[in-house]
Amino acid sequence: MIAPPADVGVEEVVANLVLWLKLVIEAIGALVIGFGMILASLRFARGSFPPTARDFTDARLTLARFLAIALEFQLGADILSTAVAPSWDAIGKLAAIAIIRTALNYFLSREMQEEHSGASTP
């Protein structure tokens with residue numbers, strides 16, 4: 001007869017692996033934000049002499065792209081942590097975080113599309 005996973009300790013191992021994976025994904029999201037800040041800062045500094053609106057827009061769009069992907073990583077990490085120990089409180093917090101991050105991502109994407117379509121027209 002096969003022993004239940006709880007008796008063998010498999011559930012604890014899986015929970016720990018998921019929490020480590022969550023930590024790695026959060027770190028990747030933070031690194032993406034940091035890299036995006038550095039790249040946007042470089043583009044902004046490079047375009048500041050002489051300053052032009054196009055260079056400023058390029059720096060903003062660069063940062064927006066990195067923030068959008070970092071938000072996806074952070075949301076994925078939050079989903080992982082809730083999947084391990086789902087309580088109604090954790091599910092409610094995840095729902096609130098998901099709504100906020102999805103709204104932020106939507107507005108960032110919309111702004112990037114507007115800037116891109118505005119830049120392509122003469």
# chains A, B, ... in the order shown; residues from 1 in each chain; ligands from 1
>>> closest_atom_pairs(of="stretch 10-80 of chain A", to="stretch 103-111 of chain A", cutoff="8 Å", atoms="only C-alpha atoms", output="tab-separated table")
residue	atom	partner	partner_atom	distance
A:Ala64	CA	A:Leu108	CA	6.1
A:Arg65	CA	A:Leu108	CA	7.9
A:Ala68	CA	A:Asn105	CA	5.4
A:Leu71	CA	A:Asn105	CA	7.1
>>> residues_around(residues="A:Ile33", least_positions_apart="5", cutoff="8 Å", atoms="only C-alpha atoms", output="list in words")
Phe66, Leu67 and Ala70 of chain A
>>> closest_residue(among="A:Asp55, A:Pro50, A:Leu17, A:Ile38", to="A:Leu80", atoms="only C-alpha atoms")
A:Leu17
>>> residues_around(residues="A:Val14", least_positions_apart="2", cutoff="12 Å", atoms="only C-alpha atoms", output="list in words")
Pro5, Ala6, Val8, Gly9, Val10, Glu11, Glu12, Asn16, Leu17, Val18, Leu19, Trp20, Leu21, Leu80, Ser81, Ala83, Val84 and Ala85 of chain A
>>> residues_around(residues="A:Ser41", least_positions_apart="6", cutoff="12 Å", atoms="only C-alpha atoms", output="PyMOL selection string")
chain A and resi 33-35+47-48+55-56+58-63
>>> residues_around(residues="A:Glu26", least_positions_apart="4", cutoff="9 Å", atoms="only C-alpha atoms", output="list in words")
Leu21, Lys22, Ala30, Leu31, Ala70, Phe73, Gln74, Leu75, Gly76, Ala77 and Asp78 of chain A
>>> write_last_selection(atoms="N, CA, C and O atoms", output="PDB file, in the first residue's frame")
ATOM      1  N   LEU A  21      10.823  28.838  -5.539  1.00  0.00           N
ATOM      2  CA  LEU A  21      10.539  29.294  -6.896  1.00  0.00           C
ATOM      3  C   LEU A  21       9.922  30.692  -6.874  1.00  0.00           C
ATOM      4  O   LEU A  21      10.268  31.553  -7.693  1.00  0.00           O
ATOM      5  N   LYS A  22       9.029  30.935  -5.927  1.00  0.00           N
ATOM      6  CA  LYS A  22       8.433  32.264  -5.761  1.00  0.00           C
ATOM      7  C   LYS A  22       9.511  33.302  -5.505  1.00  0.00           C
ATOM      8  O   LYS A  22       9.512  34.385  -6.102  1.00  0.00           O
ATOM      9  N   ALA A  30      12.452  41.899  -9.774  1.00  0.00           N
ATOM     10  CA  ALA A  30      13.197  43.045  -9.248  1.00  0.00           C
ATOM     11  C   ALA A  30      14.392  43.380 -10.138  1.00  0.00           C
ATOM     12  O   ALA A  30      14.683  44.563 -10.377  1.00  0.00           O
ATOM     13  N   LEU A  31      15.079  42.365 -10.638  1.00  0.00           N
ATOM     14  CA  LEU A  31      16.208  42.601 -11.542  1.00  0.00           C
ATOM     15  C   LEU A  31      15.751  43.245 -12.846  1.00  0.00           C
ATOM     16  O   LEU A  31      16.436  44.117 -13.391  1.00  0.00           O
ATOM     17  N   ALA A  70       7.957  43.148 -15.580  1.00  0.00           N
ATOM     18  CA  ALA A  70       8.234  42.902 -14.166  1.00  0.00           C
ATOM     19  C   ALA A  70       6.940  42.689 -13.386  1.00  0.00           C
ATOM     20  O   ALA A  70       6.889  41.850 -12.476  1.00  0.00           O
ATOM     21  N   PHE A  73       5.943  39.121 -13.766  1.00  0.00           N
ATOM     22  CA  PHE A  73       6.733  38.237 -12.904  1.00  0.00           C
ATOM     23  C   PHE A  73       6.239  38.309 -11.458  1.00  0.00           C
ATOM     24  O   PHE A  73       6.088  37.279 -10.789  1.00  0.00           O
ATOM     25  N   GLN A  74       5.991  39.506 -10.978  1.00  0.00           N
ATOM     26  CA  GLN A  74       5.551  39.675  -9.589  1.00  0.00           C
ATOM     27  C   GLN A  74       4.176  39.040  -9.372  1.00  0.00           C
ATOM     28  O   GLN A  74       3.930  38.414  -8.340  1.00  0.00           O
ATOM     29  N   LEU A  75       3.287  39.188 -10.326  1.00  0.00           N
ATOM     30  CA  LEU A  75       1.974  38.562 -10.214  1.00  0.00           C
ATOM     31  C   LEU A  75       2.101  37.039 -10.205  1.00  0.00           C
ATOM     32  O   LEU A  75       1.440  36.355  -9.427  1.00  0.00           O
ATOM     33  N   GLY A  76       2.968  36.510 -11.051  1.00  0.00           N
ATOM     34  CA  GLY A  76       3.199  35.066 -11.053  1.00  0.00           C
ATOM     35  C   GLY A  76       3.719  34.568  -9.712  1.00  0.00           C
ATOM     36  O   GLY A  76       3.300  33.512  -9.222  1.00  0.00           O
ATOM     37  N   ALA A  77       4.604  35.338  -9.099  1.00  0.00           N
ATOM     38  CA  ALA A  77       5.128  34.961  -7.782  1.00  0.00           C
ATOM     39  C   ALA A  77       4.023  34.971  -6.740  1.00  0.00           C
ATOM     40  O   ALA A  77       3.957  34.074  -5.878  1.00  0.00           O
ATOM     41  N   ASP A  78       3.138  35.952  -6.811  1.00  0.00           N
ATOM     42  CA  ASP A  78       2.023  36.010  -5.856  1.00  0.00           C
ATOM     43  C   ASP A  78       1.068  34.840  -6.047  1.00  0.00           C
ATOM     44  O   ASP A  78       0.554  34.279  -5.075  1.00  0.00           O
TER      45      ASP A  78
END
>>> closest_residue(among="A:Val24, A:Gly36, A:Gly29, A:Glu72", to="A:Ile100", atoms="only C-alpha atoms")
A:Glu72
>>> closest_residue(among="A:Met112, A:Ile69, A:Ile79, A:Met37", to="A:Ala98", atoms="only C-alpha atoms")
A:Ile79
